>>> print(open('upload-v6.tsv').read())   # TSV, C-alpha atoms and all ligand atoms
chain	number	residue	atom	x	y	z
A	1	MET	CA	0.00	0.00	0.00
A	2	SER	CA	1.39	3.37	-0.97
A	3	VAL	CA	1.91	6.27	1.40
A	4	GLU	CA	-0.81	8.14	-0.49
A	5	GLU	CA	-3.31	5.33	0.04
A	6	LEU	CA	-2.38	5.13	3.69
A	7	ALA	CA	-2.95	8.85	4.05
A	8	GLU	CA	-6.54	8.40	2.91
A	9	ARG	CA	-7.30	6.22	5.92
A	10	PRO	CA	-8.95	8.06	8.82
A	11	GLN	CA	-6.56	6.66	11.41
A	12	PHE	CA	-3.69	8.30	9.55
A	13	ALA	CA	-5.39	11.67	9.22
A	14	GLU	CA	-2.87	14.29	10.26
A	15	ASP	CA	-3.93	16.90	12.74
A	16	ASP	CA	-0.78	18.99	12.68
A	17	ALA	CA	0.78	20.82	9.77
A	18	ALA	CA	4.29	19.38	10.21
A	19	SER	CA	3.12	15.76	9.98
A	20	ALA	CA	0.91	16.62	7.03
A	21	ALA	CA	3.81	18.31	5.24
A	22	ALA	CA	6.07	15.30	5.91
A	23	LEU	CA	3.41	12.99	4.56
A	24	ARG	CA	3.23	15.06	1.37
A	25	ALA	CA	7.00	14.76	0.98
A	26	PHE	CA	6.83	10.98	1.21
A	27	ALA	CA	3.77	10.73	-1.03
A	28	ALA	CA	5.62	12.84	-3.62
A	29	SER	CA	8.32	10.19	-3.95
A	30	GLU	CA	5.65	7.84	-5.34
A	31	ARG	CA	5.32	9.75	-8.61
A	32	PRO	CA	7.58	11.54	-11.09
A	33	LEU	CA	8.56	15.06	-10.16
A	34	ALA	CA	9.23	16.00	-13.79
A	35	ARG	CA	9.47	14.39	-17.22
A	36	PHE	CA	11.71	16.00	-19.83
A	37	ASP	CA	12.20	15.20	-23.53
A	38	ARG	CA	15.88	15.84	-22.98
A	39	PRO	CA	18.56	15.18	-21.86
A	40	ARG	CA	18.71	11.75	-23.48
A	41	ALA	CA	21.31	8.98	-23.28
A	42	ALA	CA	21.59	5.76	-25.29
A	43	THR	CA	22.75	3.94	-22.15
A	44	PRO	CA	20.27	4.33	-19.26
A	45	THR	CA	22.04	6.47	-16.66
A	46	ARG	CA	20.93	7.39	-13.14
A	47	VAL	CA	22.29	10.59	-11.61
A	48	ALA	CA	21.59	11.55	-7.98
A	49	VAL	CA	21.50	15.29	-7.24
A	50	VAL	CA	22.06	16.48	-3.67
A	51	SER	CA	22.06	20.18	-2.82
A	52	ASP	CA	22.75	22.33	0.22
A	53	PRO	CA	23.62	19.69	2.82
A	54	HIS	CA	25.22	22.49	4.95
A	55	VAL	CA	27.22	19.98	7.00
A	56	SER	CA	28.35	21.12	10.45
A	57	VAL	CA	30.15	19.00	13.02
A	58	ASP	CA	29.06	21.04	16.03
A	59	ALA	CA	26.24	23.50	15.24
A	60	GLU	CA	22.71	22.97	16.46
A	61	GLY	CA	19.21	23.78	15.32
A	62	THR	CA	17.91	26.52	12.98
A	63	TRP	CA	15.74	25.58	9.98
A	64	LYS	CA	18.84	23.84	8.56
A	65	VAL	CA	18.71	21.34	11.46
A	66	PHE	CA	22.50	21.52	11.76
A	67	HIS	CA	22.81	18.76	14.36
A	68	ARG	CA	21.44	16.25	11.82
A	69	THR	CA	23.43	17.41	8.78
A	70	GLN	CA	26.40	15.01	9.01
A	71	GLU	CA	24.22	11.97	9.46
A	72	LEU	CA	21.68	13.04	6.82
A	73	PHE	CA	24.38	13.73	4.21
A	74	ARG	CA	26.00	10.36	4.85
A	75	GLU	CA	22.65	8.50	4.79
A	76	THR	CA	21.57	10.32	1.62
A	77	LEU	CA	24.70	9.39	-0.30
A	78	ALA	CA	24.38	5.77	0.84
A	79	ASP	CA	20.71	5.78	-0.20
A	80	ALA	CA	21.62	7.12	-3.65
A	81	GLU	CA	24.22	4.39	-4.08
A	82	ARG	CA	21.79	1.72	-2.91
A	83	ARG	CA	19.31	2.94	-5.50
A	84	GLY	CA	21.89	2.39	-8.23
A	85	ALA	CA	23.07	5.93	-8.92
A	86	ASP	CA	25.85	5.90	-11.54
A	87	ALA	CA	27.09	9.25	-10.27
A	88	ILE	CA	26.28	11.82	-7.60
A	89	VAL	CA	26.20	15.60	-8.11
A	90	VAL	CA	26.41	17.90	-5.07
A	91	SER	CA	25.33	21.39	-6.12
A	92	GLY	CA	26.94	23.52	-3.42
A	93	ASP	CA	26.58	24.75	0.15
A	94	LEU	CA	28.19	21.54	1.34
A	95	THR	CA	29.00	23.17	4.67
A	96	LYS	CA	27.51	25.57	7.19
A	97	ASP	CA	30.08	28.32	6.52
A	98	GLY	CA	33.19	26.75	4.99
A	99	GLU	CA	34.92	26.06	8.35
A	100	GLU	CA	38.01	23.81	8.08
A	101	ARG	CA	36.51	21.07	10.26
A	102	ASP	CA	33.26	21.03	8.29
A	103	ILE	CA	35.06	20.90	4.93
A	104	ALA	CA	37.21	18.04	6.28
A	105	CYS	CA	34.09	16.23	7.44
A	106	VAL	CA	32.47	16.55	4.00
A	107	ARG	CA	35.66	15.34	2.32
A	108	SER	CA	35.76	12.23	4.54
A	109	ILE	CA	32.06	11.48	3.92
A	110	LEU	CA	32.62	11.76	0.16
A	111	ASP	CA	35.69	9.51	0.40
A	112	ASP	CA	33.37	6.65	1.40
A	113	VAL	CA	31.22	6.99	-1.73
A	114	GLY	CA	31.74	4.22	-4.29
A	115	VAL	CA	30.55	6.06	-7.44
A	116	PRO	CA	31.93	9.21	-9.14
A	117	VAL	CA	30.95	12.45	-7.39
A	118	LEU	CA	30.91	15.93	-8.95
A	119	VAL	CA	30.93	18.83	-6.49
A	120	VAL	CA	30.53	22.59	-7.03
A	121	PRO	CA	30.95	25.21	-4.29
A	122	GLY	CA	28.13	27.26	-2.77
A	123	ASN	CA	28.39	30.75	-1.31
A	124	HIS	CA	28.67	29.23	2.19
A	125	ASP	CA	31.67	27.06	1.25
A	126	VAL	CA	34.11	29.61	-0.09
A	127	LYS	CA	33.77	32.75	1.96
A	128	GLU	CA	36.86	34.95	2.14
A	129	ARG	CA	38.28	33.71	-1.15
A	130	ARG	CA	38.99	30.18	0.05
A	131	VAL	CA	38.24	28.76	-3.36
A	132	ALA	CA	41.79	27.46	-3.90
A	133	ARG	CA	41.41	25.09	-0.97
A	134	PHE	CA	38.01	23.98	-2.23
A	135	GLU	CA	39.40	23.31	-5.71
A	136	ARG	CA	42.35	21.37	-4.28
A	137	LEU	CA	40.08	19.14	-2.20
A	138	PHE	CA	37.24	18.56	-4.63
A	139	THR	CA	38.60	18.88	-8.20
A	140	ASP	CA	41.55	17.69	-10.29
A	141	GLY	CA	42.44	21.13	-11.60
A	142	GLY	CA	39.78	23.70	-10.87
A	143	PHE	CA	36.49	24.60	-12.49
A	144	PRO	CA	34.80	23.77	-14.76
A	145	VAL	CA	34.88	20.06	-13.89
A	146	ARG	CA	33.52	17.42	-16.22
A	147	LEU	CA	32.19	13.95	-15.50
A	148	SER	CA	31.62	11.73	-18.53
A	149	LEU	CA	29.01	9.05	-18.09
A	150	GLY	CA	28.93	7.30	-21.46
A	151	GLY	CA	27.12	9.66	-23.82
A	152	LEU	CA	26.12	12.07	-21.06
A	153	ASP	CA	28.49	14.73	-19.72
A	154	VAL	CA	27.93	16.59	-16.47
A	155	VAL	CA	29.86	19.87	-16.19
A	156	GLY	CA	30.22	21.74	-12.89
A	157	LEU	CA	30.89	25.49	-12.54
A	158	ASN	CA	31.98	27.69	-9.67
A	159	SER	CA	29.43	30.51	-9.36
A	160	ALA	CA	30.25	31.36	-5.77
A	161	THR	CA	33.54	33.14	-5.39
A	162	ALA	CA	33.75	36.24	-7.53
A	163	LEU	CA	33.70	39.25	-5.22
A	164	GLY	CA	31.99	42.50	-6.19
A	165	PRO	CA	33.65	45.95	-6.15
A	166	ASP	CA	33.02	46.37	-2.41
A	167	GLY	CA	34.23	42.90	-1.53
A	168	GLU	CA	30.70	41.56	-1.21
A	169	GLU	CA	29.69	38.16	-2.56
A	170	ALA	CA	28.83	38.11	-6.23
A	171	ALA	CA	27.29	35.08	-7.92
A	172	THR	CA	29.26	35.22	-11.14
A	173	VAL	CA	30.67	32.54	-13.40
A	174	SER	CA	34.06	33.92	-14.48
A	175	ASP	CA	34.83	34.65	-18.14
A	176	ALA	CA	37.68	32.13	-17.96
A	177	GLN	CA	35.24	29.40	-16.90
A	178	LEU	CA	32.76	30.35	-19.61
A	179	GLU	CA	35.52	30.07	-22.19
A	180	ARG	CA	36.54	26.63	-20.96
A	181	LEU	CA	32.87	25.59	-20.73
A	182	ASP	CA	32.42	26.62	-24.37
A	183	GLY	CA	35.30	24.36	-25.34
A	184	MET	CA	34.07	21.43	-23.25
A	185	LEU	CA	30.55	21.63	-24.64
A	186	ALA	CA	31.89	21.72	-28.20
A	187	ASP	CA	33.02	18.11	-27.80
A	188	SER	CA	30.22	16.88	-25.52
A	189	ALA	CA	27.30	14.87	-26.84
A	190	GLU	CA	24.50	15.61	-24.36
A	191	ALA	CA	25.38	17.78	-21.37
A	192	ILE	CA	23.99	18.77	-17.99
A	193	VAL	CA	25.54	21.93	-16.50
A	194	VAL	CA	25.60	22.55	-12.75
A	195	SER	CA	26.13	25.69	-10.67
A	196	HIS	CA	25.08	26.52	-7.13
A	197	HIS	CA	23.30	29.70	-8.21
A	198	ASN	CA	20.18	29.62	-10.32
A	199	LEU	CA	19.20	30.61	-13.82
A	200	PRO	CA	16.91	33.65	-13.87
A	201	GLY	CA	13.15	33.29	-14.01
A	202	LEU	CA	12.35	32.00	-10.54
A	203	ALA	CA	10.94	35.31	-9.29
A	204	ALA	CA	8.34	35.22	-12.07
A	205	HIS	CA	7.04	31.88	-10.78
A	206	VAL	CA	6.46	32.82	-7.16
A	207	GLY	CA	3.94	35.16	-5.60
A	208	ASP	CA	4.67	38.51	-3.99
A	209	ASP	CA	5.26	37.15	-0.50
A	210	TRP	CA	8.78	35.91	-1.15
A	211	ALA	CA	11.68	37.25	-3.21
A	212	PRO	CA	14.14	34.46	-4.07
A	213	HIS	CA	17.88	35.06	-3.86
A	214	PRO	CA	19.19	36.63	-7.09
A	215	PRO	CA	20.28	34.26	-9.89
A	216	VAL	CA	23.73	33.99	-11.47
A	217	GLU	CA	24.67	37.63	-12.03
A	218	ASN	CA	26.05	37.17	-15.54
A	219	ALA	CA	23.29	34.73	-16.48
A	220	ASP	CA	23.04	36.21	-19.97
A	221	ALA	CA	26.63	35.29	-20.73
A	222	LEU	CA	26.13	31.81	-19.24
A	223	LEU	CA	22.91	31.32	-21.22
A	224	ASP	CA	24.73	32.43	-24.40
A	225	VAL	CA	27.06	29.45	-23.99
A	226	LEU	CA	24.35	26.99	-22.88
A	227	SER	CA	21.97	27.85	-25.70
A	228	ARG	CA	24.73	27.94	-28.33
A	229	HIS	CA	25.47	24.29	-27.49
A	230	ASP	CA	21.80	23.36	-27.06
A	231	VAL	CA	22.33	22.28	-23.44
A	232	PRO	CA	18.98	20.83	-22.31
A	233	LEU	CA	19.36	21.02	-18.52
A	234	HIS	CA	20.94	23.19	-15.84
A	235	LEU	CA	20.97	22.12	-12.18
A	236	SER	CA	21.23	24.43	-9.17
A	237	GLY	CA	20.32	24.79	-5.48
A	238	HIS	CA	20.88	27.80	-3.18
A	239	VAL	CA	17.24	28.89	-2.66
A	240	HIS	CA	16.28	25.62	-0.89
A	241	LEU	CA	13.10	25.55	-3.00
A	242	LEU	CA	12.20	22.72	-5.36
A	243	SER	CA	11.42	24.55	-8.60
A	244	LEU	CA	11.80	24.65	-12.34
A	245	VAL	CA	12.38	27.47	-14.82
A	246	ARG	CA	13.07	27.57	-18.54
A	247	GLU	CA	15.28	30.27	-20.02
A	248	ARG	CA	16.14	30.44	-23.74
A	249	GLY	CA	15.28	26.78	-24.12
A	250	VAL	CA	17.39	25.62	-21.15
A	251	ARG	CA	15.51	23.87	-18.35
A	252	GLY	CA	16.65	25.07	-14.94
A	253	LEU	CA	15.89	22.47	-12.27
A	254	VAL	CA	16.39	23.74	-8.71
A	255	SER	CA	16.88	21.07	-6.05
A	256	PRO	CA	15.42	21.46	-2.57
A	257	GLY	CA	17.95	21.93	0.24
A	258	LEU	CA	18.95	18.61	1.78
A	259	CYS	CA	19.29	19.97	5.32
A	260	SER	CA	15.91	21.77	5.35
A	261	PHE	CA	12.37	20.57	4.66
A	262	PRO	CA	11.71	18.27	2.76
A	263	GLN	CA	15.25	16.89	3.35
A	264	SER	CA	15.16	15.21	-0.05
A	265	TYR	CA	17.41	14.74	-3.03
A	266	LEU	CA	16.65	14.09	-6.70
A	267	LEU	CA	17.18	11.04	-8.87
A	268	LEU	CA	17.46	11.68	-12.61
A	269	ASP	CA	16.89	8.71	-14.89
A	270	VAL	CA	18.22	9.52	-18.34
A	271	ASP	CA	17.57	7.15	-21.24
A	272	GLU	CA	16.94	7.30	-24.98
A	273	THR	CA	13.41	8.69	-24.46
A	274	GLY	CA	14.35	11.56	-22.14
A	275	THR	CA	14.74	12.20	-18.42
A	276	THR	CA	12.48	11.34	-15.51
A	277	VAL	CA	13.10	13.08	-12.18
A	278	ARG	CA	12.00	11.73	-8.80
A	279	SER	CA	12.54	13.00	-5.27
A	280	ARG	CA	13.73	10.76	-2.44
A	281	THR	CA	14.57	11.23	1.20
A	282	ALA	CA	16.78	9.15	3.45
A	283	ALA	CA	15.17	10.75	6.54
A	284	THR	CA	12.26	9.33	8.50
A	285	ARG	CA	8.81	10.91	8.51
A	286	GLU	CA	9.41	12.18	12.03
A	287	GLN	CA	12.67	13.82	10.98
A	288	VAL	CA	11.08	15.47	7.95
A	289	ALA	CA	8.20	16.70	10.15
A	290	ALA	CA	10.73	18.12	12.63
A	291	ALA	CA	12.50	19.96	9.79
A	292	TYR	CA	9.18	21.48	8.72
A	293	GLU	CA	8.42	22.52	12.27
A	294	ALA	CA	11.87	24.10	12.64
A	295	SER	CA	11.31	26.11	9.45
A	296	GLN	CA	8.01	27.46	10.78
A	297	SER	CA	9.55	28.79	13.98
A	298	HIS	CA	12.93	29.97	12.61
A	299	SER	CA	12.00	32.96	10.42
A	300	ALA	CA	9.30	34.30	8.15
A	301	ARG	CA	11.51	33.51	5.17
A	302	SER	CA	12.16	29.88	6.11
A	303	SER	CA	8.48	29.43	6.90
A	304	VAL	CA	7.45	30.67	3.44
A	305	ILE	CA	10.07	28.55	1.67
A	306	SER	CA	8.95	25.37	3.42
A	307	GLY	CA	5.31	26.19	2.72
A	308	LEU	CA	6.13	26.63	-0.98
A	309	ASN	CA	8.07	23.33	-0.97
A	310	ALA	CA	5.05	21.56	0.51
A	311	GLU	CA	2.87	23.09	-2.22
A	312	GLN	CA	5.26	22.06	-4.94
A	313	LEU	CA	5.29	18.49	-3.66
A	314	SER	CA	1.48	18.39	-3.70
A	315	ASN	CA	1.30	19.43	-7.34
A	316	LEU	CA	3.60	17.02	-9.13
A	317	PRO	CA	4.74	16.70	-11.79
A	318	LEU	CA	6.21	20.17	-12.15
A	319	VAL	CA	6.15	19.45	-15.87
A	320	ASP	CA	5.46	16.47	-18.12
A	321	GLU	CA	6.83	17.27	-21.56
A	322	ARG	CA	5.67	13.94	-22.95
A	323	ALA	CA	2.03	14.58	-22.04
A	324	ASP	CA	2.23	18.32	-22.76
A	325	PRO	CA	4.72	19.13	-25.54
A	326	THR	CA	4.48	22.88	-24.78
A	327	GLY	CA	6.28	22.06	-21.52
A	328	GLU	CA	4.55	24.94	-19.79
A	329	ILE	CA	5.66	25.44	-16.17
A	330	ARG	CA	2.87	26.49	-13.84
A	331	PRO	CA	3.38	29.23	-11.24
A	332	ILE	CA	4.54	27.98	-7.85
A	333	ARG	CA	1.72	29.79	-6.15
A	334	SER	CA	-1.30	30.29	-8.35
A	335	ASP	CA	-3.31	32.67	-6.13
A	401	FE	FE	22.07	26.80	1.06
A	402	FE	FE	23.65	29.14	-1.19
>>> encode(input="upload-v6.tsv", output="structure tokens")
Amino acid sequence: MSVEELAERPQFAEDDAASAAALRAFAASERPLARFDRPRAATPTRVAVVSDPHVSVDAEGTWKVFHRTQELFRETLADAERRGADAIVVSGDLTKDGEERDIACVRSILDDVGVPVLVVPGNHDVKERRVARFERLFTDGGFPVRLSLGGLDVVGLNSATALGPDGEEAATVSDAQLERLDGMLADSAEAIVVSHHNLPGLAAHVGDDWAPHPPVENADALLDVLSRHDVPLHLSGHVHLLSLVRERGVRGLVSPGLCSFPQSYLLLDVDETGTTVRSRTAATREQVAAAYEASQSHSARSSVISGLNAEQLSNLPLVDERADPTGEIRPIRSD
């Protein structure tokens, strides 16, 4: 019996919002989150996408549930492997704030993974220009990084370390990376491109009660390269909101944050007919409910984001391009 069928039974009726939200998250894993015509791959390939684990070895609480982050990240990667992932992508904000001990913890967790892992930095990982250390620990020679999976290439970018004129964070993909990306895509068959920061378009999908973090600042230049090479899919995280945009023909799939509600990750199944996306969680229903509860009491912003995540999970699929060739993406909040 599925979670959805169980939820219909009166004895499982939920009388508090956190349990109801957790139930929605589990019910959502029973059906596809999105179906895309592309990317395609002749050899069926399963890619797990984990975003914003925000691992901390000693912090507690907040809506990121820091005291559970180490365990949840480890359990999630093991779950992805158990489910036959051919590779794992981690789309940034691996740590709470880029502390040495947290970076070391993430490195040791990733060392136990038995499939290829592609990692890009988030704004929380590389504060104060510590990108060189990040590149040394997580890449073979800096960004972009490329993972070839037999007919499907995944390319990771660093969007997190350019500093603006006043030394503030700027979410920019450097010109040098864009040039190298251009070269890589020229000899890639089908490619998925990953950055922590999002493509533009998200603000247009949400109502007035929440303004998402800004997208990649030089998104036009990035989209020039992506559209020139007909890249079908871009992956990102950062906003901790499961969502989907389409800009100049490029699908922008935004993963939910692992540490925060719904504590889930995505599985992408790519084959010759297209890509099917599902969401999974390695947490228990009680843990997911606790994450929802924490988001409600932490701040107005976290409360809205979790509410929107719960809505998204109740209205799947986000898109089904096989049933609806226009591929129209509905607003996240329709009222
Ligand atoms: Fe984050
Ligand atoms: Fe972020």
>>> residues_near_ligand(input="upload-v6.tsv", ligand="ligand FE 401 (chain A)", cutoff="7 Å", atoms="all atoms listed in the file", output="PyMOL selection string")
chain A and resi 52+54+93+238-240+257
>>> residues_near_ligand(input="upload-v6.tsv", ligand="ligand FE 402 (chain A)", cutoff="12 Å", atoms="all atoms listed in the file", output="CSV table (one decimal) with C-alpha atoms, in the coordinates of the input")
chain,number,residue,atom,x,y,z
A,51,SER,CA,22.1,20.2,-2.8
A,52,ASP,CA,22.8,22.3,0.2
A,53,PRO,CA,23.6,19.7,2.8
A,54,HIS,CA,25.2,22.5,5.0
A,91,SER,CA,25.3,21.4,-6.1
A,92,GLY,CA,26.9,23.5,-3.4
A,93,ASP,CA,26.6,24.8,0.2
A,94,LEU,CA,28.2,21.5,1.3
A,95,THR,CA,29.0,23.2,4.7
A,96,LYS,CA,27.5,25.6,7.2
A,97,ASP,CA,30.1,28.3,6.5
A,98,GLY,CA,33.2,26.8,5.0
A,120,VAL,CA,30.5,22.6,-7.0
A,121,PRO,CA,31.0,25.2,-4.3
A,122,GLY,CA,28.1,27.3,-2.8
A,123,ASN,CA,28.4,30.8,-1.3
A,124,HIS,CA,28.7,29.2,2.2
A,125,ASP,CA,31.7,27.1,1.2
A,126,VAL,CA,34.1,29.6,-0.1
A,127,LYS,CA,33.8,32.8,2.0
A,158,ASN,CA,32.0,27.7,-9.7
A,159,SER,CA,29.4,30.5,-9.4
A,160,ALA,CA,30.2,31.4,-5.8
A,161,THR,CA,33.5,33.1,-5.4
A,169,GLU,CA,29.7,38.2,-2.6
A,170,ALA,CA,28.8,38.1,-6.2
A,171,ALA,CA,27.3,35.1,-7.9
A,195,SER,CA,26.1,25.7,-10.7
A,196,HIS,CA,25.1,26.5,-7.1
A,197,HIS,CA,23.3,29.7,-8.2
A,198,ASN,CA,20.2,29.6,-10.3
A,212,PRO,CA,14.1,34.5,-4.1
A,213,HIS,CA,17.9,35.1,-3.9
A,214,PRO,CA,19.2,36.6,-7.1
A,215,PRO,CA,20.3,34.3,-9.9
A,216,VAL,CA,23.7,34.0,-11.5
A,236,SER,CA,21.2,24.4,-9.2
A,237,GLY,CA,20.3,24.8,-5.5
A,238,HIS,CA,20.9,27.8,-3.2
A,239,VAL,CA,17.2,28.9,-2.7
A,240,HIS,CA,16.3,25.6,-0.9
A,241,LEU,CA,13.1,25.6,-3.0
A,254,VAL,CA,16.4,23.7,-8.7
A,255,SER,CA,16.9,21.1,-6.0
A,256,PRO,CA,15.4,21.5,-2.6
A,257,GLY,CA,18.0,21.9,0.2
A,258,LEU,CA,19.0,18.6,1.8
>>> closest_atom_pairs(input="upload-v6.tsv", of="range 188-227 of chain A", to="range 323-329 of chain A", cutoff="12 Å", atoms="all atoms listed in the file", output="CSV")
residue,atom,partner,partner_atom,distance
A:Gly201,CA,A:Ile329,CA,11.1
A:Leu202,CA,A:Ile329,CA,10.9
A:Ala204,CA,A:Ile329,CA,10.9
A:His205,CA,A:Ile329,CA,8.5
A:Val206,CA,A:Ile329,CA,11.7
>>> closest_residue(input="upload-v6.tsv", among="A:His234, A:Val250, A:Glu286, A:Ala211", to="Ala300 in chain A", atoms="only C-alpha atoms")
A:Ala211
>>> closest_residue(input="upload-v6.tsv", among="A:Ser188, A:Ser108, A:Thr275, A:Ser302", to="His229 in chain A", atoms="all atoms listed in the file")
A:Ser188
>>> closest_residue(input="upload-v6.tsv", among="A:Val319, A:Ala191, A:Val117, A:Ala290", to="Thr139 in chain A", atoms="all atoms listed in the file")
A:Val117
>>> atom_distance(input="upload-v6.tsv", atom1="CA of Phe66 in chain A", atom2="CA of Pro262 in chain A")
14.4 Å
>>> residues_around(input="upload-v6.tsv", residues="Gly151 in chain A", least_positions_apart="2", cutoff="12 Å", atoms="only C-alpha atoms", output="ChimeraX atom specification")
/A:39-45,147-149,153-154,187-192,270-272
>>> residues_around(input="upload-v6.tsv", residues="Gly156 in chain A", least_positions_apart="3", cutoff="7 Å", atoms="all atoms listed in the file", output="ChimeraX atom specification")
/A:120,143-146,193-195
>>> atom_distance(input="upload-v6.tsv", atom1="CA of Ile109 in chain A", atom2="CA of Asp269 in chain A")
24.3 Å
>>> residues_around(input="upload-v6.tsv", residues="Ile88 in chain A", least_positions_apart="5", cutoff="10 Å", atoms="all atoms listed in the file", output="compact mmCIF listing (two decimals) with C-alpha atoms, in the coordinates of the input")
# COMPACT_ATOMS: atom_id res chain seq x y z
CA ARG A 46 20.93 7.39 -13.14
CA VAL A 47 22.29 10.59 -11.61
CA ALA A 48 21.59 11.55 -7.98
CA VAL A 49 21.50 15.29 -7.24
CA VAL A 50 22.06 16.48 -3.67
CA LEU A 77 24.70 9.39 -0.30
CA ALA A 80 21.62 7.12 -3.65
CA GLU A 81 24.22 4.39 -4.08
CA VAL A 113 31.22 6.99 -1.73
CA GLY A 114 31.74 4.22 -4.29
CA VAL A 115 30.55 6.06 -7.44
CA PRO A 116 31.93 9.21 -9.14
CA VAL A 117 30.95 12.45 -7.39
CA LEU A 118 30.91 15.93 -8.95
CA VAL A 119 30.93 18.83 -6.49
CA LEU A 266 16.65 14.09 -6.70
CA LEU A 267 17.18 11.04 -8.87
>>> residues_near_point(input="upload-v6.tsv", point="(24.7, 15.5, 9.3)", cutoff="9 Å", atoms="all atoms listed in the file", output="PyMOL selection string")
chain A and resi 53-57+65-75+259
>>> closest_residue(input="upload-v6.tsv", among="A:Leu223, A:Ala17, A:Ala203, A:Ala186", to="Val173 in chain A", atoms="all atoms listed in the file")
A:Leu223
